[in-house]
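Presented below is the structure to which this report refers.
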Number of protein chains: 2
Amino acid sequence: MNCRRCDRKASVHMRQHKLALCKEHYLEWIPEQTARFIKKYEMFAHDEKILVAVSGGKDSLSLWHILIKLGYQADGLYLGLGIDEGINYSHESQRLTEEFAASHNLKLHIVDIEKEYGQPIPVIAERSHRGHGKPCAVCGLAKRHEMNRIARDLGYDVLATGHNLDDEAAVLFGNTLNWSSEYLLRQGPVLPGTAGLARKVKPLCRFYEREMTAYAIMSGIEYIYEECPFADGSQSIFYKESLNQLETARPGAKLIFYLNFLEAKKSGKLFLEKNVELANLHPCPRCGQPTSTPDQCSFCRMIEKTQTETG
Amino acid sequence: MNCRRCDRKASVHMRQHKLALCKEHYLEWIPEQTARFIKKYEMFAHDEKILVAVSGGKDSLSLWHILIKLGYQADGLYLGLGIDEGINYSHESQRLTEEFAASHNLKLHIVDIEKEYGQPIPVIAERSHRGHGKPCAVCGLAKRHEMNRIARDLGYDVLATGHNLDDEAAVLFGNTLNWSSEYLLRQGPVLPGTAGLARKVKPLCRFYEREMTAYAIMSGIEYIYEECPFADGSQSIFYKESLNQLETARPGAKLIFYLNFLEAKKSGKLFLEKNVELANLHPCPRCGQPTSTPDQCSFCRMIEKTQTETG
């Protein structure tokens with residue numbers, strides 16, 4: 001099959017889009033599409049300061065690469081989680097992130113959880129007895145908290161993450177199987193900012209995971225190939241596998257599932273308008289971030305608990 | 001494992017309910033639960049006349065069996081669809097339905113599509129060019145039309161069908177993957193009656209398919225084992241297989257998916273209130289059933305078309 005734009009031999013075939021492109025035009029197409037999604041979902045403007053959460057993986061490094069290519073002011077934030085598990089996971093992903101930033105002359109903030117809070121994620125998870133033996137829930141909570149904190153402290157307007165379609169569809173699938181109203185009403189490419197919380201955006205939410213892999217490889221981005229060693233057997237991987245089976249039987253099923261959901265929300269024909277419960281938010285007395293839990297936010301309570309147990 | 005009620009050896013183990021029962025108590029439990037669902041979803045009262053749509057399969061014959069056991073006034077309706085496909089499908093299912101009615105001394109109405117409309121379902125499907133080469137869409141339309149017609153003409157208050165949890169969850173799964181607002185807002189154990197249309201209810205909607213198989217076998221009901229020969233490769237079977245994989249990994253997933261959906265609708269926290277568009281309904285000039293399509297209803301248009309092509 002030939003490239004739709006230049007008739008040379010295509011390198012990427014996207015059955016779900018009925019589109020084939022050569023390497024050169026694929027590397028144009030991904031940023032063009034990203035620009036389209038940024039505009040369509042009103043993610044941010046050219047004069048806004050963007051903080052990109054980078055993990056060293058293909059999605060977040062590609063996102064950073066694309067935003068710079070599109071002329072946005074985007075700095076990086078790397079969170080050192082302290083995950084080793086015999087493959088030096090955090091160390092290696094930090095090294096690749098630093099190399100990417102240096103080679104593209106970009107500004108990268110590095111925050112190390114152990115330096116900030118005295119313990120790496122796996123230890124916090126163990127001591128806090130959260131998450132049924134897996135550190136993933138604790139890791140998610142810590143990442144959200146730290147990303148919000150840095151974005152606020154350093155004055156960024158918007159926080160961008162590299163979630164792709166497979167990630168978003170898997171979250172949607174899980175929330176749908178349980179019909180979790182609160183999560184379903186809040187899920188989307190943009191989570192508006194509130195007092196003390198930066199807006200959150202997912203510019204890659206319409207790209208299949210394999211499209212991002214192709215982009216990273218063709219762009220020569222060196223990223224960490226390994227998944228987080230704790231991800232194995234996780235809910236999200238289970239949901240991704242289910243969706244991949246549906247996708248195999250019906251190419252495009254995953255995209256239709258996600259886009260029709262966004263459309264159903266936008267059309268106003270299926271879901272209620274979401275009432276963001278701003279009224280119930282108050283600043284956490286310890287970190288100052290808005291929280292809906294009484295007294296301290298979940299993150300601060302967790303940290304306090306693990307530090308009490310240590311001491 | 002022993003029966004929870006009498007401590008004898010259990011015959012049925014329901015992991016999803018954490019319940020095991022012996023044959024005697026299982027045959028009590030299913031009708032008890034059905035009575036509970038009828039009450040919970042306000043399906044019908046003891047003084048209402050019920051028409052049970054019976055196909056000769058395990059679900060509909062079991063439903064009839066249970067309703068009689070519970071003391072309801074329930075007559076049967078068998079629709080002769082004229083499906084043969086080398087296994088004598090319709091003939092055999094009619095024979096088993098008639099035998100069931102006779103042996104339990106029940107009133108059974110038999111309506112034959114070919115006698116009524118000149119052609120069996122597969123021929124109507126072929127001539128009407130509906131349904132992409134499969135007669136399933138035409139069959140569904142014809143069954144809905146005929147069930148409504150007979151219920152109205154014979155003065156029944158309510159039409160009961162044998163849809164089980166696997167059926168309902170599969171329909172819900174398909175509607176969810178496409179986020180079909182109209183279908184999602186309408187799906188449930190009860191579809192209220194409107195002018196000229198009997199209320200429709202699904203008293204078995206919370207039983208797993210295997211629970212109904214066990215009930216039919218233990219009750220000594222003779223039913224047709226074969227699936228409809230046209231069902232192979234259908235959407236609904238594809239969705240059932242996906243859900244069965246989820247269920248295998250997480251016992252109870254199918255029931256949670258369906259019940260949480262009903263709960264989300266009832267709670268009013270996720271979905272809009274459904275506006276039944278009664279205003280747009282008018283009686284079909286040919287059959288008199290309420291329809292939202294301009295002029296004749298879909299069924300009558302289909303029949304007219306096939307008869308024109310014949311003549």
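Note on naming: chains are A, B, ... as they come in the structure tokens, residues start from 1 per chain, ligands start from 1 in the order shown.
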
Item to check | stretch 15-29 of chain B environment, 12 Å, only C-alpha atoms, sequence neighbours closer than 3 positions dropped, as an MDAnalysis selection string | outcome: chainID B and resid 1:12 32:36 62 65:66 69:70 206:208 210:220 247:256

Hey, could you lay chain A over chain B with a least-squares C-alpha fit (all atoms, paired in order) and save it as an mmCIF file with C-alpha atoms, in the first residue's frame?
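Output file result_16.cif follows:
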```cif
data_model
loop_
_atom_site.group_PDB
_atom_site.id
_atom_site.type_symbol
_atom_site.label_atom_id
_atom_site.label_comp_id
_atom_site.auth_asym_id
_atom_site.auth_seq_id
_atom_site.Cartn_x
_atom_site.Cartn_y
_atom_site.Cartn_z
ATOM 1 C CA MET A 1 -20.155 -28.157 49.339
ATOM 2 C CA ASN A 2 -23.507 -28.508 51.081
ATOM 3 C CA CYS A 3 -26.867 -26.848 50.525
ATOM 4 C CA ARG A 4 -27.219 -23.688 52.555
ATOM 5 C CA ARG A 5 -30.813 -24.539 53.443
ATOM 6 C CA CYS A 6 -30.733 -28.222 54.439
ATOM 7 C CA ASP A 7 -27.091 -29.296 54.580
ATOM 8 C CA ARG A 8 -27.547 -32.042 51.985
ATOM 9 C CA LYS A 9 -25.047 -32.225 49.133
ATOM 10 C CA ALA A 10 -25.463 -29.167 46.888
ATOM 11 C CA SER A 11 -26.332 -29.605 43.208
ATOM 12 C CA VAL A 12 -25.824 -26.022 42.117
ATOM 13 C CA HIS A 13 -22.906 -23.792 43.095
ATOM 14 C CA MET A 14 -23.287 -20.125 42.283
ATOM 15 C CA ARG A 15 -19.913 -18.472 42.821
ATOM 16 C CA GLN A 16 -21.323 -15.078 41.873
ATOM 17 C CA HIS A 17 -23.881 -15.303 44.699
ATOM 18 C CA LYS A 18 -21.625 -17.268 47.081
ATOM 19 C CA LEU A 19 -24.515 -19.721 47.317
ATOM 20 C CA ALA A 20 -24.856 -23.502 46.935
ATOM 21 C CA LEU A 21 -28.195 -25.343 46.961
ATOM 22 C CA CYS A 22 -29.523 -28.884 46.574
ATOM 23 C CA LYS A 23 -31.989 -29.646 43.787
ATOM 24 C CA GLU A 24 -35.072 -29.301 45.965
ATOM 25 C CA HIS A 25 -34.081 -25.950 47.376
ATOM 26 C CA TYR A 26 -32.804 -24.672 44.041
ATOM 27 C CA LEU A 27 -36.264 -25.320 42.581
ATOM 28 C CA GLU A 28 -37.702 -23.241 45.413
ATOM 29 C CA TRP A 29 -35.062 -20.527 45.238
ATOM 30 C CA ILE A 30 -35.538 -19.628 41.552
ATOM 31 C CA PRO A 31 -39.293 -18.908 41.869
ATOM 32 C CA GLU A 32 -38.721 -17.042 45.164
ATOM 33 C CA GLN A 33 -36.140 -14.847 43.513
ATOM 34 C CA THR A 34 -38.389 -14.327 40.492
ATOM 35 C CA ALA A 35 -41.207 -13.211 42.804
ATOM 36 C CA ARG A 36 -38.769 -10.801 44.430
ATOM 37 C CA PHE A 37 -37.756 -9.304 41.060
ATOM 38 C CA ILE A 38 -41.413 -9.014 39.937
ATOM 39 C CA LYS A 39 -42.134 -7.030 43.090
ATOM 40 C CA LYS A 40 -38.931 -4.985 43.113
ATOM 41 C CA TYR A 41 -39.342 -3.778 39.527
ATOM 42 C CA GLU A 42 -43.153 -3.527 39.806
ATOM 43 C CA MET A 43 -43.706 -5.806 36.831
ATOM 44 C CA PHE A 44 -47.315 -6.911 37.402
ATOM 45 C CA ALA A 45 -49.932 -7.776 40.010
ATOM 46 C CA HIS A 46 -51.772 -11.047 40.621
ATOM 47 C CA ASP A 47 -54.973 -9.741 39.036
ATOM 48 C CA GLU A 48 -53.315 -8.838 35.731
ATOM 49 C CA LYS A 49 -53.480 -11.033 32.627
ATOM 50 C CA ILE A 50 -50.016 -12.037 31.445
ATOM 51 C CA LEU A 51 -49.032 -13.224 27.988
ATOM 52 C CA VAL A 52 -45.748 -15.152 28.016
ATOM 53 C CA ALA A 53 -43.837 -15.219 24.743
ATOM 54 C CA VAL A 54 -42.656 -18.829 24.484
ATOM 55 C CA SER A 55 -40.145 -20.073 21.956
ATOM 56 C CA GLY A 56 -39.683 -23.671 23.107
ATOM 57 C CA GLY A 57 -36.316 -22.756 24.648
ATOM 58 C CA LYS A 58 -35.275 -23.217 28.270
ATOM 59 C CA ASP A 59 -35.785 -19.593 29.318
ATOM 60 C CA SER A 60 -39.311 -18.956 28.111
ATOM 61 C CA LEU A 61 -40.671 -22.367 29.124
ATOM 62 C CA SER A 62 -39.061 -21.986 32.559
ATOM 63 C CA LEU A 63 -40.552 -18.508 32.893
ATOM 64 C CA TRP A 64 -44.015 -19.866 32.134
ATOM 65 C CA HIS A 65 -43.426 -22.734 34.603
ATOM 66 C CA ILE A 66 -42.361 -20.304 37.331
ATOM 67 C CA LEU A 67 -45.231 -17.855 36.796
ATOM 68 C CA ILE A 68 -47.789 -20.670 37.064
ATOM 69 C CA LYS A 69 -46.036 -21.976 40.174
ATOM 70 C CA LEU A 70 -46.302 -18.474 41.653
ATOM 71 C CA GLY A 71 -50.044 -18.427 40.948
ATOM 72 C CA TYR A 72 -50.153 -15.905 38.108
ATOM 73 C CA GLN A 73 -52.687 -15.968 35.231
ATOM 74 C CA ALA A 74 -50.241 -16.578 32.405
ATOM 75 C CA ASP A 75 -51.110 -17.794 28.920
ATOM 76 C CA GLY A 76 -48.533 -18.573 26.240
ATOM 77 C CA LEU A 77 -47.898 -17.174 22.791
ATOM 78 C CA TYR A 78 -45.877 -19.171 20.287
ATOM 79 C CA LEU A 79 -44.842 -17.472 17.062
ATOM 80 C CA GLY A 80 -44.206 -19.819 14.146
ATOM 81 C CA LEU A 81 -41.296 -18.233 12.305
ATOM 82 C CA GLY A 82 -40.852 -20.905 9.652
ATOM 83 C CA ILE A 83 -37.152 -21.554 10.284
ATOM 84 C CA ASP A 84 -35.974 -24.959 9.151
ATOM 85 C CA GLU A 85 -32.318 -24.817 8.054
ATOM 86 C CA GLY A 86 -32.103 -28.585 7.892
ATOM 87 C CA ILE A 87 -32.792 -29.114 11.605
ATOM 88 C CA ASN A 88 -36.544 -28.611 11.553
ATOM 89 C CA TYR A 89 -36.007 -25.794 14.066
ATOM 90 C CA SER A 90 -39.419 -24.099 14.161
ATOM 91 C CA HIS A 91 -41.353 -27.332 13.868
ATOM 92 C CA GLU A 92 -39.477 -28.918 16.745
ATOM 93 C CA SER A 93 -39.708 -25.880 19.018
ATOM 94 C CA GLN A 94 -43.458 -25.648 18.382
ATOM 95 C CA ARG A 95 -43.924 -29.328 19.196
ATOM 96 C CA LEU A 96 -42.080 -28.938 22.523
ATOM 97 C CA THR A 97 -44.068 -25.802 23.382
ATOM 98 C CA GLU A 98 -47.382 -27.539 22.636
ATOM 99 C CA GLU A 99 -46.370 -30.541 24.724
ATOM 100 C CA PHE A 100 -45.431 -28.289 27.637
ATOM 101 C CA ALA A 101 -48.756 -26.428 27.458
ATOM 102 C CA ALA A 102 -50.769 -29.639 27.175
ATOM 103 C CA SER A 103 -48.992 -31.438 29.995
ATOM 104 C CA HIS A 104 -49.490 -28.430 32.322
ATOM 105 C CA ASN A 105 -53.011 -27.773 31.074
ATOM 106 C CA LEU A 106 -52.172 -24.230 29.945
ATOM 107 C CA LYS A 107 -53.650 -22.011 27.280
ATOM 108 C CA LEU A 108 -51.346 -21.481 24.290
ATOM 109 C CA HIS A 109 -51.943 -19.136 21.354
ATOM 110 C CA ILE A 110 -50.134 -20.081 18.168
ATOM 111 C CA VAL A 111 -49.562 -17.544 15.429
ATOM 112 C CA ASP A 112 -47.853 -18.606 12.220
ATOM 113 C CA ILE A 113 -46.054 -15.862 10.345
ATOM 114 C CA GLU A 114 -46.390 -17.625 6.993
ATOM 115 C CA LYS A 115 -50.155 -18.088 7.453
ATOM 116 C CA GLU A 116 -50.578 -14.467 8.513
ATOM 117 C CA TYR A 117 -48.292 -12.792 6.004
ATOM 118 C CA GLY A 118 -47.830 -15.344 3.218
ATOM 119 C CA GLN A 119 -44.115 -15.987 3.803
ATOM 120 C CA PRO A 120 -41.883 -17.373 6.560
ATOM 121 C CA ILE A 121 -39.224 -15.146 8.197
ATOM 122 C CA PRO A 122 -36.249 -16.237 6.032
ATOM 123 C CA VAL A 123 -38.180 -15.393 2.865
ATOM 124 C CA ILE A 124 -39.380 -12.039 4.207
ATOM 125 C CA ALA A 125 -35.768 -11.273 5.151
ATOM 126 C CA GLU A 126 -34.499 -12.172 1.703
ATOM 127 C CA ARG A 127 -37.168 -10.206 -0.142
ATOM 128 C CA SER A 128 -36.971 -7.141 2.050
ATOM 129 C CA HIS A 129 -33.151 -6.898 1.727
ATOM 130 C CA ARG A 130 -32.873 -6.020 5.412
ATOM 131 C CA GLY A 131 -30.253 -7.206 7.877
ATOM 132 C CA HIS A 132 -27.129 -7.752 5.738
ATOM 133 C CA GLY A 133 -27.935 -11.313 4.670
ATOM 134 C CA LYS A 134 -29.090 -12.477 8.118
ATOM 135 C CA PRO A 135 -32.809 -12.710 8.993
ATOM 136 C CA CYS A 136 -32.230 -11.696 12.648
ATOM 137 C CA ALA A 137 -33.220 -8.018 12.315
ATOM 138 C CA VAL A 138 -36.358 -8.941 10.373
ATOM 139 C CA CYS A 139 -37.172 -11.682 12.872
ATOM 140 C CA GLY A 140 -36.824 -9.267 15.798
ATOM 141 C CA LEU A 141 -39.048 -6.700 14.128
ATOM 142 C CA ALA A 142 -41.699 -9.317 13.266
ATOM 143 C CA LYS A 143 -41.654 -10.802 16.765
ATOM 144 C CA ARG A 144 -42.069 -7.407 18.449
ATOM 145 C CA HIS A 145 -44.887 -6.510 16.080
ATOM 146 C CA GLU A 146 -46.766 -9.779 16.478
ATOM 147 C CA MET A 147 -46.338 -9.953 20.252
ATOM 148 C CA ASN A 148 -47.729 -6.431 20.567
ATOM 149 C CA ARG A 149 -50.573 -7.210 18.201
ATOM 150 C CA ILE A 150 -51.697 -10.389 19.959
ATOM 151 C CA ALA A 151 -51.374 -8.846 23.433
ATOM 152 C CA ARG A 152 -53.566 -5.926 22.320
ATOM 153 C CA ASP A 153 -56.118 -7.976 20.355
ATOM 154 C CA LEU A 154 -56.571 -10.511 23.130
ATOM 155 C CA GLY A 155 -56.639 -7.957 25.930
ATOM 156 C CA TYR A 156 -53.504 -8.899 27.912
ATOM 157 C CA ASP A 157 -52.140 -6.339 30.379
ATOM 158 C CA VAL A 158 -48.553 -7.366 30.142
ATOM 159 C CA LEU A 159 -46.205 -9.250 27.859
ATOM 160 C CA ALA A 160 -43.478 -11.300 29.583
ATOM 161 C CA THR A 161 -40.344 -12.540 27.835
ATOM 162 C CA GLY A 162 -37.706 -14.991 29.024
ATOM 163 C CA HIS A 163 -34.618 -12.772 28.578
ATOM 164 C CA ASN A 164 -31.982 -13.791 31.106
ATOM 165 C CA LEU A 165 -29.006 -11.877 32.487
ATOM 166 C CA ASP A 166 -26.699 -13.027 29.699
ATOM 167 C CA ASP A 167 -29.165 -11.700 27.109
ATOM 168 C CA GLU A 168 -29.684 -8.404 28.887
ATOM 169 C CA ALA A 169 -26.010 -7.849 29.677
ATOM 170 C CA ALA A 170 -25.092 -8.564 26.038
ATOM 171 C CA VAL A 171 -27.598 -6.000 24.768
ATOM 172 C CA LEU A 172 -26.349 -3.504 27.326
ATOM 173 C CA PHE A 173 -22.741 -4.214 26.346
ATOM 174 C CA GLY A 174 -23.482 -3.589 22.668
ATOM 175 C CA ASN A 175 -25.381 -0.395 23.401
ATOM 176 C CA THR A 176 -22.581 0.764 25.684
ATOM 177 C CA LEU A 177 -19.792 0.088 23.197
ATOM 178 C CA ASN A 178 -21.672 2.408 20.828
ATOM 179 C CA TRP A 179 -23.135 4.675 23.529
ATOM 180 C CA SER A 180 -26.570 4.480 21.902
ATOM 181 C CA SER A 181 -28.439 7.015 24.011
ATOM 182 C CA GLU A 182 -31.899 6.014 22.923
ATOM 183 C CA TYR A 183 -31.435 2.335 23.710
ATOM 184 C CA LEU A 184 -29.516 2.907 26.943
ATOM 185 C CA LEU A 185 -32.196 5.190 28.328
ATOM 186 C CA ARG A 186 -34.901 2.649 27.495
ATOM 187 C CA GLN A 187 -33.257 -0.594 28.600
ATOM 188 C CA GLY A 188 -34.508 -2.197 31.786
ATOM 189 C CA PRO A 189 -36.606 -5.008 33.288
ATOM 190 C CA VAL A 190 -39.837 -3.112 32.524
ATOM 191 C CA LEU A 191 -40.872 -1.124 29.463
ATOM 192 C CA PRO A 192 -44.031 0.727 30.483
ATOM 193 C CA GLY A 193 -47.097 0.295 28.320
ATOM 194 C CA THR A 194 -48.376 3.133 26.187
ATOM 195 C CA ALA A 195 -51.640 3.659 24.326
ATOM 196 C CA GLY A 196 -52.054 0.515 22.254
ATOM 197 C CA LEU A 197 -48.909 -1.234 23.528
ATOM 198 C CA ALA A 198 -48.840 -3.701 26.418
ATOM 199 C CA ARG A 199 -46.247 -3.258 29.160
ATOM 200 C CA LYS A 200 -43.203 -5.495 28.574
ATOM 201 C CA VAL A 201 -41.400 -7.244 31.400
ATOM 202 C CA LYS A 202 -38.385 -9.545 31.822
ATOM 203 C CA PRO A 203 -38.791 -11.432 35.105
ATOM 204 C CA LEU A 204 -35.640 -13.571 34.544
ATOM 205 C CA CYS A 205 -33.327 -10.642 33.807
ATOM 206 C CA ARG A 206 -31.200 -11.249 36.897
ATOM 207 C CA PHE A 207 -30.584 -14.975 36.369
ATOM 208 C CA TYR A 208 -27.454 -16.187 34.619
ATOM 209 C CA GLU A 209 -28.114 -18.323 31.566
ATOM 210 C CA ARG A 210 -26.615 -21.345 33.310
ATOM 211 C CA GLU A 211 -28.976 -20.842 36.236
ATOM 212 C CA MET A 212 -31.932 -21.090 33.861
ATOM 213 C CA THR A 213 -30.471 -24.171 32.205
ATOM 214 C CA ALA A 214 -30.171 -25.802 35.621
ATOM 215 C CA TYR A 215 -33.744 -24.835 36.481
ATOM 216 C CA ALA A 216 -35.160 -26.236 33.236
ATOM 217 C CA ILE A 217 -33.261 -29.509 33.545
ATOM 218 C CA MET A 218 -34.060 -30.031 37.222
ATOM 219 C CA SER A 219 -37.722 -29.238 36.576
ATOM 220 C CA GLY A 220 -37.843 -31.866 33.855
ATOM 221 C CA ILE A 221 -38.835 -29.304 31.230
ATOM 222 C CA GLU A 222 -38.245 -30.612 27.720
ATOM 223 C CA TYR A 223 -36.937 -27.735 25.653
ATOM 224 C CA ILE A 224 -35.180 -27.262 22.342
ATOM 225 C CA TYR A 225 -31.422 -27.506 22.925
ATOM 226 C CA GLU A 226 -30.367 -25.988 19.637
ATOM 227 C CA GLU A 227 -29.857 -22.256 19.305
ATOM 228 C CA CYS A 228 -31.596 -20.722 16.335
ATOM 229 C CA PRO A 229 -29.421 -21.786 13.362
ATOM 230 C CA PHE A 230 -29.145 -18.151 12.276
ATOM 231 C CA ALA A 231 -27.741 -17.011 15.656
ATOM 232 C CA ASP A 232 -24.256 -18.317 14.870
ATOM 233 C CA GLY A 233 -21.851 -15.421 14.364
ATOM 234 C CA SER A 234 -24.408 -12.868 15.524
ATOM 235 C CA GLN A 235 -23.517 -9.688 17.363
ATOM 236 C CA SER A 236 -25.254 -10.854 20.484
ATOM 237 C CA ILE A 237 -23.199 -14.058 20.645
ATOM 238 C CA PHE A 238 -20.041 -12.022 20.122
ATOM 239 C CA TYR A 239 -20.943 -9.755 23.050
ATOM 240 C CA LYS A 240 -21.880 -12.745 25.206
ATOM 241 C CA GLU A 241 -18.457 -14.274 24.614
ATOM 242 C CA SER A 242 -16.702 -11.051 25.588
ATOM 243 C CA LEU A 243 -18.734 -10.834 28.770
ATOM 244 C CA ASN A 244 -18.096 -14.487 29.559
ATOM 245 C CA GLN A 245 -14.376 -13.796 29.458
ATOM 246 C CA LEU A 246 -14.806 -10.932 31.893
ATOM 247 C CA GLU A 247 -16.992 -13.152 34.068
ATOM 248 C CA THR A 248 -14.405 -15.931 34.084
ATOM 249 C CA ALA A 249 -11.744 -13.531 35.298
ATOM 250 C CA ARG A 250 -14.102 -11.946 37.825
ATOM 251 C CA PRO A 251 -17.119 -13.978 38.888
ATOM 252 C CA GLY A 252 -20.087 -11.660 39.222
ATOM 253 C CA ALA A 253 -18.808 -9.090 36.686
ATOM 254 C CA LYS A 254 -21.806 -9.593 34.406
ATOM 255 C CA LEU A 255 -24.327 -9.148 37.202
ATOM 256 C CA ILE A 256 -22.502 -6.096 38.562
ATOM 257 C CA PHE A 257 -22.416 -4.578 35.067
ATOM 258 C CA TYR A 258 -26.188 -4.975 34.674
ATOM 259 C CA LEU A 259 -27.260 -4.129 38.230
ATOM 260 C CA ASN A 260 -25.001 -1.100 38.556
ATOM 261 C CA PHE A 261 -26.443 0.167 35.281
ATOM 262 C CA LEU A 262 -29.989 -0.155 36.630
ATOM 263 C CA GLU A 263 -28.870 1.482 39.867
ATOM 264 C CA ALA A 264 -27.166 4.360 38.002
ATOM 265 C CA LYS A 265 -30.391 4.981 36.095
ATOM 266 C CA LYS A 266 -32.524 4.818 39.206
ATOM 267 C CA SER A 267 -30.259 7.009 41.333
ATOM 268 C CA GLY A 268 -30.566 9.896 38.892
ATOM 269 C CA LYS A 269 -26.846 10.698 39.303
ATOM 270 C CA LEU A 270 -25.629 9.694 35.855
ATOM 271 C CA PHE A 271 -28.345 9.571 33.220
ATOM 272 C CA LEU A 272 -30.994 11.977 32.092
ATOM 273 C CA GLU A 273 -34.604 11.107 32.785
ATOM 274 C CA LYS A 274 -35.940 9.367 29.737
ATOM 275 C CA ASN A 275 -38.526 11.360 27.871
ATOM 276 C CA VAL A 276 -40.735 8.779 26.234
ATOM 277 C CA GLU A 277 -41.572 10.495 23.002
ATOM 278 C CA LEU A 278 -45.256 9.766 23.114
ATOM 279 C CA ALA A 279 -45.956 13.003 21.328
ATOM 280 C CA ASN A 280 -44.430 11.635 18.143
ATOM 281 C CA LEU A 281 -46.328 8.345 18.133
ATOM 282 C CA HIS A 282 -49.297 7.878 15.807
ATOM 283 C CA PRO A 283 -51.268 4.742 14.874
ATOM 284 C CA CYS A 284 -49.988 2.894 11.815
ATOM 285 C CA PRO A 285 -52.710 3.241 9.139
ATOM 286 C CA ARG A 286 -52.387 -0.451 8.269
ATOM 287 C CA CYS A 287 -52.126 -2.303 11.606
ATOM 288 C CA GLY A 288 -53.082 0.388 14.117
ATOM 289 C CA GLN A 289 -49.997 -0.090 16.334
ATOM 290 C CA PRO A 290 -48.341 3.082 17.636
ATOM 291 C CA THR A 291 -45.322 4.016 15.525
ATOM 292 C CA SER A 292 -42.840 6.874 15.332
ATOM 293 C CA THR A 293 -42.047 6.426 11.634
ATOM 294 C CA PRO A 294 -44.047 8.613 9.229
ATOM 295 C CA ASP A 295 -47.076 6.834 7.710
ATOM 296 C CA GLN A 296 -46.932 3.010 8.087
ATOM 297 C CA CYS A 297 -44.893 1.265 10.813
ATOM 298 C CA SER A 298 -41.634 -0.488 9.892
ATOM 299 C CA PHE A 299 -43.214 -3.921 10.002
ATOM 300 C CA CYS A 300 -46.083 -3.037 7.671
ATOM 301 C CA ARG A 301 -43.754 -1.285 5.230
ATOM 302 C CA MET A 302 -41.569 -4.385 5.180
ATOM 303 C CA ILE A 303 -44.489 -6.728 4.599
ATOM 304 C CA GLU A 304 -45.923 -4.486 1.879
ATOM 305 C CA LYS A 305 -42.565 -4.396 0.135
ATOM 306 C CA THR A 306 -42.115 -8.171 0.136
ATOM 307 C CA GLN A 307 -45.683 -8.719 -1.070
ATOM 308 C CA THR A 308 -45.233 -6.221 -3.904
ATOM 309 C CA GLU A 309 -42.080 -8.033 -5.000
ATOM 310 C CA THR A 310 -43.844 -11.387 -4.900
ATOM 311 C CA GLY A 311 -46.791 -10.191 -6.934
#
```

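Of the residues in stretch 178-214 of chain A, those that DSSP places in alpha helix (DSSP H) on the basis of the backbone are Asn178, Ser181, Glu182, Tyr183, Leu184, Leu185, Arg186, Glu209, Arg210, Glu211, Met212, Thr213 and Ala214 of chain A.
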
Restricted to C-alpha atoms, what would the selected residues look like written as a PDB file, in the first residue's frame?
```pdb
ATOM      1  CA  ASN A 178     -19.055  -0.676  37.226  1.00  0.00           C
ATOM      2  CA  SER A 181     -21.151   7.825  37.928  1.00  0.00           C
ATOM      3  CA  GLU A 182     -18.591  10.136  39.433  1.00  0.00           C
ATOM      4  CA  TYR A 183     -15.746   8.952  37.225  1.00  0.00           C
ATOM      5  CA  LEU A 184     -17.843   8.689  34.063  1.00  0.00           C
ATOM      6  CA  LEU A 185     -19.107  12.238  34.403  1.00  0.00           C
ATOM      7  CA  ARG A 186     -15.566  13.535  34.901  1.00  0.00           C
ATOM      8  CA  GLU A 209      -0.930   2.998  21.588  1.00  0.00           C
ATOM      9  CA  ARG A 210       0.676   1.471  18.504  1.00  0.00           C
ATOM     10  CA  GLU A 211       0.458   4.812  16.722  1.00  0.00           C
ATOM     11  CA  MET A 212       2.476   6.408  19.519  1.00  0.00           C
ATOM     12  CA  THR A 213       5.004   3.585  19.441  1.00  0.00           C
ATOM     13  CA  ALA A 214       5.455   4.160  15.715  1.00  0.00           C
TER      14      ALA A 214
END
```

Checklist entry - What are the DSSP strand (DSSP E) residues of stretch 17-237 of chain B, as a VMD selection string? => result chain B and resid 19 to 21 49 to 53 73 to 80 108 to 112 158 to 160 190 to 191 199 to 201
